[in-house]
file query_15.cif (mmCIF, N, CA and C atoms)
data_data
loop_
_atom_site.label_atom_id
_atom_site.label_comp_id
_atom_site.auth_asym_id
_atom_site.auth_seq_id
_atom_site.Cartn_x
_atom_site.Cartn_y
_atom_site.Cartn_z
N MET A 1 -9.53 -20.95 30.23
CA MET A 1 -8.83 -19.69 30.02
C MET A 1 -8.64 -19.49 28.52
N GLU A 2 -8.97 -18.30 28.06
CA GLU A 2 -8.75 -17.94 26.66
C GLU A 2 -7.52 -17.06 26.57
N VAL A 3 -6.67 -17.38 25.63
CA VAL A 3 -5.46 -16.59 25.40
C VAL A 3 -5.36 -16.32 23.91
N LYS A 4 -5.19 -15.05 23.56
CA LYS A 4 -5.02 -14.69 22.15
C LYS A 4 -3.55 -14.92 21.78
N VAL A 5 -3.33 -15.60 20.68
CA VAL A 5 -1.98 -15.93 20.24
C VAL A 5 -1.75 -15.32 18.87
N TYR A 6 -0.61 -14.69 18.70
CA TYR A 6 -0.23 -14.14 17.40
C TYR A 6 0.89 -14.99 16.83
N VAL A 7 0.66 -15.52 15.66
CA VAL A 7 1.61 -16.41 15.02
C VAL A 7 2.25 -15.69 13.84
N PRO A 8 3.57 -15.65 13.79
CA PRO A 8 4.23 -14.98 12.66
C PRO A 8 3.88 -15.66 11.33
N GLN A 9 3.60 -14.84 10.36
CA GLN A 9 3.25 -15.35 9.03
C GLN A 9 3.64 -14.29 8.01
N LEU A 10 4.20 -14.70 6.90
CA LEU A 10 4.55 -13.77 5.84
C LEU A 10 3.36 -13.59 4.91
N VAL A 11 3.13 -12.35 4.50
CA VAL A 11 2.08 -12.07 3.52
C VAL A 11 2.71 -11.26 2.40
N ASP A 12 2.10 -11.36 1.24
CA ASP A 12 2.58 -10.62 0.08
C ASP A 12 1.49 -9.68 -0.38
N ILE A 13 1.83 -8.39 -0.45
CA ILE A 13 0.92 -7.39 -0.97
C ILE A 13 1.55 -6.86 -2.26
N PRO A 14 0.90 -7.06 -3.39
CA PRO A 14 1.46 -6.58 -4.67
C PRO A 14 1.73 -5.07 -4.63
N ASN A 15 2.86 -4.67 -5.16
CA ASN A 15 3.28 -3.27 -5.16
C ASN A 15 2.25 -2.34 -5.78
N GLU A 16 1.54 -2.81 -6.79
CA GLU A 16 0.59 -1.92 -7.46
C GLU A 16 -0.58 -1.53 -6.55
N TYR A 17 -0.81 -2.27 -5.47
CA TYR A 17 -1.87 -1.93 -4.53
C TYR A 17 -1.43 -0.95 -3.44
N LEU A 18 -0.13 -0.78 -3.26
CA LEU A 18 0.37 0.03 -2.15
C LEU A 18 -0.13 1.47 -2.14
N PRO A 19 -0.09 2.22 -3.25
CA PRO A 19 -0.57 3.60 -3.17
C PRO A 19 -2.01 3.72 -2.69
N ALA A 20 -2.89 2.86 -3.18
CA ALA A 20 -4.29 2.91 -2.77
C ALA A 20 -4.45 2.51 -1.30
N LEU A 21 -3.69 1.51 -0.85
CA LEU A 21 -3.74 1.11 0.56
C LEU A 21 -3.28 2.23 1.46
N VAL A 22 -2.19 2.88 1.07
CA VAL A 22 -1.65 3.99 1.86
C VAL A 22 -2.67 5.11 1.94
N GLN A 23 -3.26 5.44 0.82
CA GLN A 23 -4.23 6.53 0.79
C GLN A 23 -5.45 6.23 1.68
N ARG A 24 -5.98 5.00 1.61
CA ARG A 24 -7.13 4.65 2.43
C ARG A 24 -6.77 4.55 3.91
N ALA A 25 -5.59 4.03 4.22
CA ALA A 25 -5.16 3.97 5.62
C ALA A 25 -5.01 5.38 6.19
N TYR A 26 -4.49 6.29 5.38
CA TYR A 26 -4.33 7.69 5.80
C TYR A 26 -5.69 8.32 6.08
N SER A 27 -6.67 8.03 5.26
CA SER A 27 -7.99 8.65 5.42
C SER A 27 -8.68 8.19 6.71
N LEU A 28 -8.27 7.04 7.26
CA LEU A 28 -8.87 6.54 8.49
C LEU A 28 -8.26 7.17 9.74
N LEU A 29 -7.13 7.84 9.60
CA LEU A 29 -6.45 8.41 10.75
C LEU A 29 -7.12 9.68 11.24
N THR A 30 -7.01 9.93 12.52
CA THR A 30 -7.47 11.19 13.08
C THR A 30 -6.45 12.27 12.74
N ASP A 31 -6.81 13.52 12.88
CA ASP A 31 -5.88 14.61 12.59
C ASP A 31 -4.61 14.50 13.42
N ALA A 32 -4.74 14.10 14.67
CA ALA A 32 -3.58 13.99 15.55
C ALA A 32 -2.63 12.89 15.09
N ALA A 33 -3.18 11.82 14.53
CA ALA A 33 -2.35 10.67 14.13
C ALA A 33 -1.72 10.84 12.75
N ARG A 34 -2.10 11.84 12.01
CA ARG A 34 -1.61 11.98 10.63
C ARG A 34 -0.13 12.33 10.55
N ASP A 35 0.42 12.83 11.65
CA ASP A 35 1.85 13.15 11.67
C ASP A 35 2.69 12.01 12.24
N GLU A 36 2.03 10.91 12.62
CA GLU A 36 2.74 9.75 13.15
C GLU A 36 3.40 8.98 11.99
N PRO A 37 4.51 8.29 12.26
CA PRO A 37 5.16 7.51 11.21
C PRO A 37 4.28 6.39 10.66
N ALA A 38 4.44 6.10 9.40
CA ALA A 38 3.73 4.99 8.75
C ALA A 38 4.32 3.68 9.27
N THR A 39 3.48 2.64 9.35
CA THR A 39 3.95 1.33 9.80
C THR A 39 3.47 0.24 8.86
N ARG A 40 4.12 -0.90 8.93
CA ARG A 40 3.69 -2.06 8.16
C ARG A 40 2.28 -2.48 8.57
N GLY A 41 2.02 -2.40 9.88
CA GLY A 41 0.72 -2.80 10.40
C GLY A 41 -0.42 -2.02 9.79
N GLN A 42 -0.22 -0.71 9.59
CA GLN A 42 -1.28 0.10 8.97
C GLN A 42 -1.61 -0.44 7.58
N LEU A 43 -0.57 -0.77 6.82
CA LEU A 43 -0.80 -1.25 5.45
C LEU A 43 -1.43 -2.63 5.44
N VAL A 44 -0.97 -3.52 6.30
CA VAL A 44 -1.52 -4.88 6.33
C VAL A 44 -2.97 -4.86 6.81
N ARG A 45 -3.26 -4.07 7.86
CA ARG A 45 -4.65 -3.99 8.33
C ARG A 45 -5.56 -3.41 7.25
N GLN A 46 -5.07 -2.43 6.49
CA GLN A 46 -5.88 -1.89 5.41
C GLN A 46 -6.09 -2.93 4.31
N ALA A 47 -5.07 -3.72 4.03
CA ALA A 47 -5.22 -4.79 3.03
C ALA A 47 -6.26 -5.81 3.47
N VAL A 48 -6.33 -6.09 4.77
CA VAL A 48 -7.35 -7.00 5.30
C VAL A 48 -8.73 -6.35 5.14
N ARG A 49 -8.86 -5.06 5.50
CA ARG A 49 -10.14 -4.35 5.34
C ARG A 49 -10.61 -4.38 3.89
N ASP A 50 -9.66 -4.23 2.96
CA ASP A 50 -9.99 -4.18 1.53
C ASP A 50 -10.23 -5.55 0.92
N GLY A 51 -10.00 -6.61 1.68
CA GLY A 51 -10.24 -7.96 1.18
C GLY A 51 -9.09 -8.54 0.37
N LEU A 52 -7.91 -7.94 0.46
CA LEU A 52 -6.75 -8.48 -0.28
C LEU A 52 -6.12 -9.68 0.41
N LEU A 53 -6.35 -9.80 1.70
CA LEU A 53 -5.77 -10.90 2.48
C LEU A 53 -6.91 -11.67 3.15
N ARG A 54 -7.63 -12.42 2.35
CA ARG A 54 -8.84 -13.13 2.80
C ARG A 54 -8.56 -14.08 3.96
N GLN A 55 -7.34 -14.60 4.06
CA GLN A 55 -7.03 -15.54 5.13
C GLN A 55 -7.15 -14.89 6.52
N PHE A 56 -7.22 -13.56 6.56
CA PHE A 56 -7.33 -12.84 7.83
C PHE A 56 -8.72 -12.23 8.05
N ASP A 57 -9.69 -12.60 7.26
CA ASP A 57 -11.04 -12.05 7.40
C ASP A 57 -11.60 -12.25 8.81
N SER A 58 -11.23 -13.32 9.46
CA SER A 58 -11.74 -13.60 10.81
C SER A 58 -11.23 -12.58 11.84
N LEU A 59 -10.22 -11.80 11.47
CA LEU A 59 -9.65 -10.81 12.39
C LEU A 59 -10.33 -9.45 12.29
N LYS A 60 -11.30 -9.33 11.37
CA LYS A 60 -12.05 -8.07 11.23
C LYS A 60 -13.10 -7.99 12.33
N ASN A 61 -13.20 -6.82 12.94
CA ASN A 61 -14.20 -6.58 13.96
C ASN A 61 -15.39 -5.84 13.35
N GLU A 62 -16.50 -5.86 14.05
CA GLU A 62 -17.72 -5.21 13.56
C GLU A 62 -17.55 -3.71 13.36
N ASP A 63 -16.67 -3.09 14.16
CA ASP A 63 -16.46 -1.64 14.05
C ASP A 63 -15.51 -1.26 12.92
N GLY A 64 -15.05 -2.25 12.14
CA GLY A 64 -14.15 -1.98 11.02
C GLY A 64 -12.68 -2.09 11.37
N SER A 65 -12.37 -2.28 12.64
CA SER A 65 -10.97 -2.43 13.02
C SER A 65 -10.51 -3.85 12.70
N VAL A 66 -9.20 -4.03 12.67
CA VAL A 66 -8.61 -5.34 12.37
C VAL A 66 -7.66 -5.68 13.51
N ASP A 67 -7.87 -6.82 14.15
CA ASP A 67 -7.08 -7.25 15.30
C ASP A 67 -5.85 -7.99 14.80
N LEU A 68 -4.84 -7.22 14.41
CA LEU A 68 -3.65 -7.80 13.81
C LEU A 68 -2.45 -6.92 14.11
N LEU A 69 -1.35 -7.53 14.50
CA LEU A 69 -0.09 -6.82 14.74
C LEU A 69 0.98 -7.40 13.82
N CYS A 70 1.87 -6.54 13.35
CA CYS A 70 2.95 -7.03 12.50
C CYS A 70 4.26 -7.23 13.26
N GLU A 71 4.44 -6.51 14.35
CA GLU A 71 5.63 -6.68 15.17
C GLU A 71 5.19 -6.90 16.61
N PRO A 72 5.65 -7.95 17.26
CA PRO A 72 5.19 -8.25 18.61
C PRO A 72 5.58 -7.19 19.64
N ASP A 73 6.63 -6.45 19.41
CA ASP A 73 7.08 -5.44 20.37
C ASP A 73 6.49 -4.06 20.10
N GLY A 74 5.60 -3.95 19.15
CA GLY A 74 5.01 -2.66 18.79
C GLY A 74 5.26 -2.35 17.34
N GLU A 75 4.51 -1.43 16.84
CA GLU A 75 4.61 -1.08 15.42
C GLU A 75 5.90 -0.29 15.16
N GLU A 76 6.71 -0.81 14.26
CA GLU A 76 7.93 -0.10 13.87
C GLU A 76 7.65 0.77 12.66
N ALA A 77 8.25 1.93 12.65
CA ALA A 77 8.05 2.88 11.55
C ALA A 77 8.69 2.37 10.27
N LEU A 78 8.03 2.64 9.15
CA LEU A 78 8.59 2.34 7.84
C LEU A 78 9.66 3.38 7.50
N GLU A 79 10.70 2.94 6.85
CA GLU A 79 11.75 3.86 6.44
C GLU A 79 12.09 3.63 4.98
N ILE A 80 12.39 4.71 4.30
CA ILE A 80 12.92 4.65 2.94
C ILE A 80 14.22 5.44 2.95
N LYS A 81 15.30 4.77 2.59
CA LYS A 81 16.63 5.38 2.60
C LYS A 81 16.93 6.02 3.95
N ASN A 82 16.69 5.24 5.02
CA ASN A 82 16.97 5.65 6.41
C ASN A 82 16.18 6.88 6.84
N ARG A 83 15.04 7.13 6.24
CA ARG A 83 14.19 8.26 6.62
C ARG A 83 12.81 7.73 6.97
N THR A 84 12.33 8.09 8.16
CA THR A 84 11.01 7.69 8.60
C THR A 84 9.97 8.56 7.89
N LEU A 85 8.90 7.91 7.41
CA LEU A 85 7.87 8.63 6.66
C LEU A 85 6.51 8.52 7.33
N THR A 86 5.69 9.56 7.19
CA THR A 86 4.28 9.48 7.55
C THR A 86 3.56 8.80 6.38
N LEU A 87 2.29 8.45 6.57
CA LEU A 87 1.54 7.85 5.47
C LEU A 87 1.43 8.81 4.29
N ALA A 88 1.24 10.10 4.58
CA ALA A 88 1.13 11.08 3.49
C ALA A 88 2.44 11.15 2.70
N GLU A 89 3.57 11.15 3.40
CA GLU A 89 4.87 11.19 2.72
C GLU A 89 5.12 9.90 1.95
N LEU A 90 4.69 8.76 2.52
CA LEU A 90 4.84 7.48 1.83
C LEU A 90 4.01 7.48 0.55
N TYR A 91 2.81 7.99 0.62
CA TYR A 91 1.96 8.07 -0.58
C TYR A 91 2.64 8.93 -1.65
N ASP A 92 3.15 10.09 -1.26
CA ASP A 92 3.85 10.96 -2.21
C ASP A 92 5.06 10.26 -2.82
N ALA A 93 5.81 9.52 -1.99
CA ALA A 93 6.99 8.80 -2.49
C ALA A 93 6.59 7.72 -3.48
N LEU A 94 5.49 7.02 -3.19
CA LEU A 94 5.03 5.98 -4.12
C LEU A 94 4.54 6.57 -5.43
N GLN A 95 3.91 7.74 -5.37
CA GLN A 95 3.42 8.39 -6.58
C GLN A 95 4.58 8.91 -7.43
N ALA A 96 5.68 9.27 -6.78
CA ALA A 96 6.83 9.81 -7.51
C ALA A 96 7.58 8.73 -8.29
N GLN A 97 7.45 7.48 -7.82
CA GLN A 97 8.11 6.38 -8.52
C GLN A 97 7.27 5.97 -9.71
N LYS A 98 7.86 5.98 -10.87
CA LYS A 98 7.14 5.58 -12.08
C LYS A 98 7.33 4.08 -12.28
N PRO A 99 6.25 3.30 -12.26
CA PRO A 99 6.38 1.86 -12.43
C PRO A 99 7.01 1.51 -13.80
N ALA A 100 7.69 0.39 -13.83
CA ALA A 100 8.36 -0.05 -15.06
C ALA A 100 7.35 -0.25 -16.19
N TRP A 101 6.13 -0.69 -15.87
CA TRP A 101 5.15 -0.92 -16.94
C TRP A 101 4.73 0.38 -17.59
N ASP A 102 4.87 1.53 -16.90
CA ASP A 102 4.57 2.82 -17.53
C ASP A 102 5.51 3.07 -18.71
N ASP A 103 6.79 2.70 -18.54
CA ASP A 103 7.76 2.88 -19.63
C ASP A 103 7.34 2.06 -20.84
N LYS A 104 6.88 0.84 -20.60
CA LYS A 104 6.45 -0.02 -21.70
C LYS A 104 5.23 0.58 -22.40
N LEU A 105 4.30 1.11 -21.59
CA LEU A 105 3.12 1.73 -22.20
C LEU A 105 3.51 2.96 -23.02
N ASP A 106 4.46 3.75 -22.51
CA ASP A 106 4.91 4.92 -23.24
C ASP A 106 5.50 4.52 -24.59
N SER A 107 6.29 3.44 -24.61
CA SER A 107 6.89 3.04 -25.87
C SER A 107 5.84 2.47 -26.83
N VAL A 108 4.81 1.79 -26.29
CA VAL A 108 3.72 1.30 -27.14
C VAL A 108 2.95 2.49 -27.72
N ASP A 109 2.65 3.47 -26.88
CA ASP A 109 1.95 4.68 -27.35
C ASP A 109 2.77 5.39 -28.42
N GLN A 110 4.08 5.47 -28.19
CA GLN A 110 4.94 6.14 -29.16
C GLN A 110 4.93 5.36 -30.48
N PHE A 111 4.96 4.02 -30.41
CA PHE A 111 4.91 3.21 -31.62
C PHE A 111 3.59 3.46 -32.36
N ASP A 112 2.47 3.48 -31.60
CA ASP A 112 1.16 3.73 -32.22
C ASP A 112 1.12 5.11 -32.87
N ASN A 113 1.67 6.12 -32.20
CA ASN A 113 1.70 7.47 -32.74
C ASN A 113 2.55 7.54 -34.01
N ASP A 114 3.71 6.87 -34.00
CA ASP A 114 4.58 6.85 -35.18
C ASP A 114 3.90 6.16 -36.35
N ALA A 115 3.22 5.02 -36.06
CA ALA A 115 2.54 4.29 -37.13
C ALA A 115 1.39 5.13 -37.71
N THR A 116 0.66 5.82 -36.85
CA THR A 116 -0.43 6.68 -37.32
C THR A 116 0.12 7.80 -38.19
N ALA A 117 1.23 8.40 -37.76
CA ALA A 117 1.82 9.51 -38.51
C ALA A 117 2.31 9.01 -39.88
N ARG A 118 2.87 7.79 -39.94
CA ARG A 118 3.34 7.26 -41.23
C ARG A 118 2.16 7.00 -42.16
N ARG A 119 1.04 6.49 -41.60
CA ARG A 119 -0.13 6.23 -42.42
C ARG A 119 -0.70 7.53 -43.00
N LYS A 120 -0.71 8.57 -42.18
CA LYS A 120 -1.25 9.85 -42.64
C LYS A 120 -0.35 10.47 -43.70
N ALA A 121 0.97 10.26 -43.58
CA ALA A 121 1.91 10.83 -44.55
C ALA A 121 1.81 10.10 -45.88
N ALA A 122 1.43 8.85 -45.86
CA ALA A 122 1.39 8.06 -47.10
C ALA A 122 0.22 8.35 -47.93
#
call {"tool": "encode", "arguments": {"input": "query_15.cif", "output": "structure tokens"}}
result
Amino acid sequence: MEVKVYVPQLVDIPNEYLPALVQRAYSLLTDAARDEPATRGQLVRQAVRDGLLRQFDSLKNEDGSVDLLCEPDGEEALEIKNRTLTLAELYDALQAQKPAWDDKLDSVDQFDNDATARRKAA
């Protein structure tokens, strides 16, 4: 007898990959499913498809699907500030957040611009 077993395991997906994962997971949905809430499973399965979680490569099927569940009782919707989001809304929310490294780049650019302006004035 063969029995498929799902074993709980924690995985880490770097935050900088989330917008791209969300966007690609959204593009795989049918029109009817695009209004459904976003789930952790959608993001993790997309990360497996993209090769970010190589330890799960054996769960990829020939048709491009990934045989993986994140919650044994069914996919739970993702929430931000107690609000359920679709993948499109999640993508928009992630785009609206400015990463901390952007601030550092802005200050480096400003320093470069100030230094260039001082050189030109001299």
call {"tool": "residues_around", "arguments": {"input": "query_15.cif", "residues": "segment 74-85 of chain A", "least_positions_apart": "5", "cutoff": "6 Å", "atoms": "only N, CA and C atoms", "output": "ChimeraX atom specification"}}
result
/A:36-40,90
call {"tool": "atom_distance", "arguments": {"input": "query_15.cif", "atom1": "atom CA of Cys70 of chain A", "atom2": "atom CA of Ala32 of chain A"}}
result
22.2 Å
call {"tool": "residues_around", "arguments": {"input": "query_15.cif", "residues": "segment 13-20 of chain A", "least_positions_apart": "5", "cutoff": "7 Å", "atoms": "all atoms listed in the file", "output": "ChimeraX atom specification"}}
result
/A:25,91,94-95
call {"tool": "atom_distance", "arguments": {"input": "query_15.cif", "atom1": "atom C of Tyr26 of chain A", "atom2": "atom C of Asp67 of chain A"}}
result
18.5 Å
call {"tool": "atom_distance", "arguments": {"input": "query_15.cif", "atom1": "atom CA of Val22 of chain A", "atom2": "atom CA of Arg49 of chain A"}}
result
12.4 Å
call {"tool": "closest_residue", "arguments": {"input": "query_15.cif", "among": "A:Ser65, A:Gln42, A:Ser58, A:Thr86", "to": "Leu21 of chain A", "atoms": "only N, CA and C atoms"}}
result
A:Gln42
call {"tool": "closest_residue", "arguments": {"input": "query_15.cif", "among": "A:Ala96, A:Asp31, A:Val11, A:Arg45", "to": "Leu69 of chain A", "atoms": "all atoms listed in the file"}}
result
A:Arg45
call {"tool": "resolve_selection", "arguments": {"input": "query_15.cif", "expression": "the PyMOL selection byres (((chain A and resi 60-63 and name CA) around 12) and name CA)", "output": "PyMOL selection string"}}
result
chain A and resi 45-51+53-59+64-68
call {"tool": "select_by_dssp", "arguments": {"input": "query_15.cif", "residues": "segment 21-80 of chain A", "states": "alpha helix (DSSP H)", "output": "ChimeraX atom specification"}}
result
/A:21-28,40-49
call {"tool": "select_by_dssp", "arguments": {"input": "query_15.cif", "residues": "segment 17-108 of chain A", "states": "strand (DSSP E or B)", "output": "VMD selection string"}}
result
chain A and resid 37 39 60 66 77 79 to 80 83 to 84 86
call {"tool": "write_last_selection", "arguments": {"input": "query_15.cif", "atoms": "N, CA and C atoms", "output": "compact mmCIF listing (two decimals), in the frame of the given file"}}
result
# COMPACT_ATOMS: atom_id res chain seq x y z
N PRO A 37 4.51 8.29 12.26
CA PRO A 37 5.16 7.51 11.21
C PRO A 37 4.28 6.39 10.66
N THR A 39 3.48 2.64 9.35
CA THR A 39 3.95 1.33 9.80
C THR A 39 3.47 0.24 8.86
N LYS A 60 -11.30 -9.33 11.37
CA LYS A 60 -12.05 -8.07 11.23
C LYS A 60 -13.10 -7.99 12.33
N VAL A 66 -9.20 -4.03 12.67
CA VAL A 66 -8.61 -5.34 12.37
C VAL A 66 -7.66 -5.68 13.51
N ALA A 77 8.25 1.93 12.65
CA ALA A 77 8.05 2.88 11.55
C ALA A 77 8.69 2.37 10.27
N GLU A 79 10.70 2.94 6.85
CA GLU A 79 11.75 3.86 6.44
C GLU A 79 12.09 3.63 4.98
N ILE A 80 12.39 4.71 4.30
CA ILE A 80 12.92 4.65 2.94
C ILE A 80 14.22 5.44 2.95
N ARG A 83 15.04 7.13 6.24
CA ARG A 83 14.19 8.26 6.62
C ARG A 83 12.81 7.73 6.97
N THR A 84 12.33 8.09 8.16
CA THR A 84 11.01 7.69 8.60
C THR A 84 9.97 8.56 7.89
N THR A 86 5.69 9.56 7.19
CA THR A 86 4.28 9.48 7.55
C THR A 86 3.56 8.80 6.38
call {"tool": "decode", "arguments": {"input": "query_15.cif", "residues": "segment 22-81 of chain A", "atoms": "C-alpha atoms", "output": "PDB file, in the first residue's frame"}}
result
ATOM      1  CA  VAL A  22       3.216  36.822  -6.241  1.00  0.00           C
ATOM      2  CA  GLN A  23       3.171  38.183  -9.770  1.00  0.00           C
ATOM      3  CA  ARG A  24       4.039  34.808 -11.351  1.00  0.00           C
ATOM      4  CA  ALA A  25       1.583  32.902  -9.142  1.00  0.00           C
ATOM      5  CA  TYR A  26      -1.128  35.382 -10.169  1.00  0.00           C
ATOM      6  CA  SER A  27      -0.358  34.880 -13.858  1.00  0.00           C
ATOM      7  CA  LEU A  28      -0.979  31.127 -13.492  1.00  0.00           C
ATOM      8  CA  LEU A  29      -4.502  31.606 -12.137  1.00  0.00           C
ATOM      9  CA  THR A  30      -7.612  31.334 -14.255  1.00  0.00           C
ATOM     10  CA  ASP A  31      -9.882  34.370 -14.499  1.00  0.00           C
ATOM     11  CA  ALA A  32     -12.316  32.789 -12.042  1.00  0.00           C
ATOM     12  CA  ALA A  33      -9.578  32.178  -9.454  1.00  0.00           C
ATOM     13  CA  ARG A  34      -8.109  35.689  -9.594  1.00  0.00           C
ATOM     14  CA  ASP A  35     -10.628  36.970  -7.049  1.00  0.00           C
ATOM     15  CA  GLU A  36      -9.823  34.173  -4.583  1.00  0.00           C
ATOM     16  CA  PRO A  37      -7.757  35.033  -1.488  1.00  0.00           C
ATOM     17  CA  ALA A  38      -3.976  34.651  -1.660  1.00  0.00           C
ATOM     18  CA  THR A  39      -2.500  31.744   0.311  1.00  0.00           C
ATOM     19  CA  ARG A  40       0.890  30.698   1.613  1.00  0.00           C
ATOM     20  CA  GLY A  41       0.630  27.582  -0.533  1.00  0.00           C
ATOM     21  CA  GLN A  42       0.442  29.626  -3.733  1.00  0.00           C
ATOM     22  CA  LEU A  43       3.671  31.411  -2.837  1.00  0.00           C
ATOM     23  CA  VAL A  44       5.537  28.296  -1.713  1.00  0.00           C
ATOM     24  CA  ARG A  45       4.475  26.300  -4.789  1.00  0.00           C
ATOM     25  CA  GLN A  46       5.628  29.169  -7.010  1.00  0.00           C
ATOM     26  CA  ALA A  47       8.957  29.274  -5.159  1.00  0.00           C
ATOM     27  CA  VAL A  48       9.354  25.545  -5.881  1.00  0.00           C
ATOM     28  CA  ARG A  49       8.503  26.116  -9.584  1.00  0.00           C
ATOM     29  CA  ASP A  50      11.080  28.922  -9.712  1.00  0.00           C
ATOM     30  CA  GLY A  51      13.787  26.736  -8.157  1.00  0.00           C
ATOM     31  CA  LEU A  52      14.112  28.723  -4.916  1.00  0.00           C
ATOM     32  CA  LEU A  53      13.355  25.673  -2.775  1.00  0.00           C
ATOM     33  CA  ARG A  54      15.440  22.938  -4.396  1.00  0.00           C
ATOM     34  CA  GLN A  55      14.738  20.499  -1.556  1.00  0.00           C
ATOM     35  CA  PHE A  56      11.193  20.183  -2.970  1.00  0.00           C
ATOM     36  CA  ASP A  57      12.118  19.595  -6.626  1.00  0.00           C
ATOM     37  CA  SER A  58      10.849  16.013  -6.351  1.00  0.00           C
ATOM     38  CA  LEU A  59       7.340  17.413  -5.762  1.00  0.00           C
ATOM     39  CA  LYS A  60       7.178  19.022  -9.222  1.00  0.00           C
ATOM     40  CA  ASN A  61       4.923  17.249 -11.696  1.00  0.00           C
ATOM     41  CA  GLU A  62       5.409  17.077 -15.459  1.00  0.00           C
ATOM     42  CA  ASP A  63       2.439  19.400 -16.018  1.00  0.00           C
ATOM     43  CA  GLY A  64       4.136  22.157 -13.970  1.00  0.00           C
ATOM     44  CA  SER A  65       2.025  21.667 -10.862  1.00  0.00           C
ATOM     45  CA  VAL A  66       3.610  21.192  -7.442  1.00  0.00           C
ATOM     46  CA  ASP A  67       2.243  18.551  -5.058  1.00  0.00           C
ATOM     47  CA  LEU A  68       2.632  20.516  -1.845  1.00  0.00           C
ATOM     48  CA  LEU A  69       0.285  21.790   0.862  1.00  0.00           C
ATOM     49  CA  CYS A  70       1.106  24.340   3.534  1.00  0.00           C
ATOM     50  CA  GLU A  71      -1.837  23.693   5.847  1.00  0.00           C
ATOM     51  CA  PRO A  72      -3.187  20.176   6.364  1.00  0.00           C
ATOM     52  CA  ASP A  73      -6.787  21.389   6.771  1.00  0.00           C
ATOM     53  CA  GLY A  74      -6.775  23.436   3.563  1.00  0.00           C
ATOM     54  CA  GLU A  75      -5.227  26.608   2.303  1.00  0.00           C
ATOM     55  CA  GLU A  76      -5.721  29.511   4.687  1.00  0.00           C
ATOM     56  CA  ALA A  77      -5.959  33.005   3.263  1.00  0.00           C
ATOM     57  CA  LEU A  78      -3.116  35.447   3.827  1.00  0.00           C
ATOM     58  CA  GLU A  79      -4.012  38.527   5.817  1.00  0.00           C
ATOM     59  CA  ILE A  80      -2.345  41.879   6.305  1.00  0.00           C
ATOM     60  CA  LYS A  81      -3.672  43.947   9.200  1.00  0.00           C
TER      61      LYS A  81
END
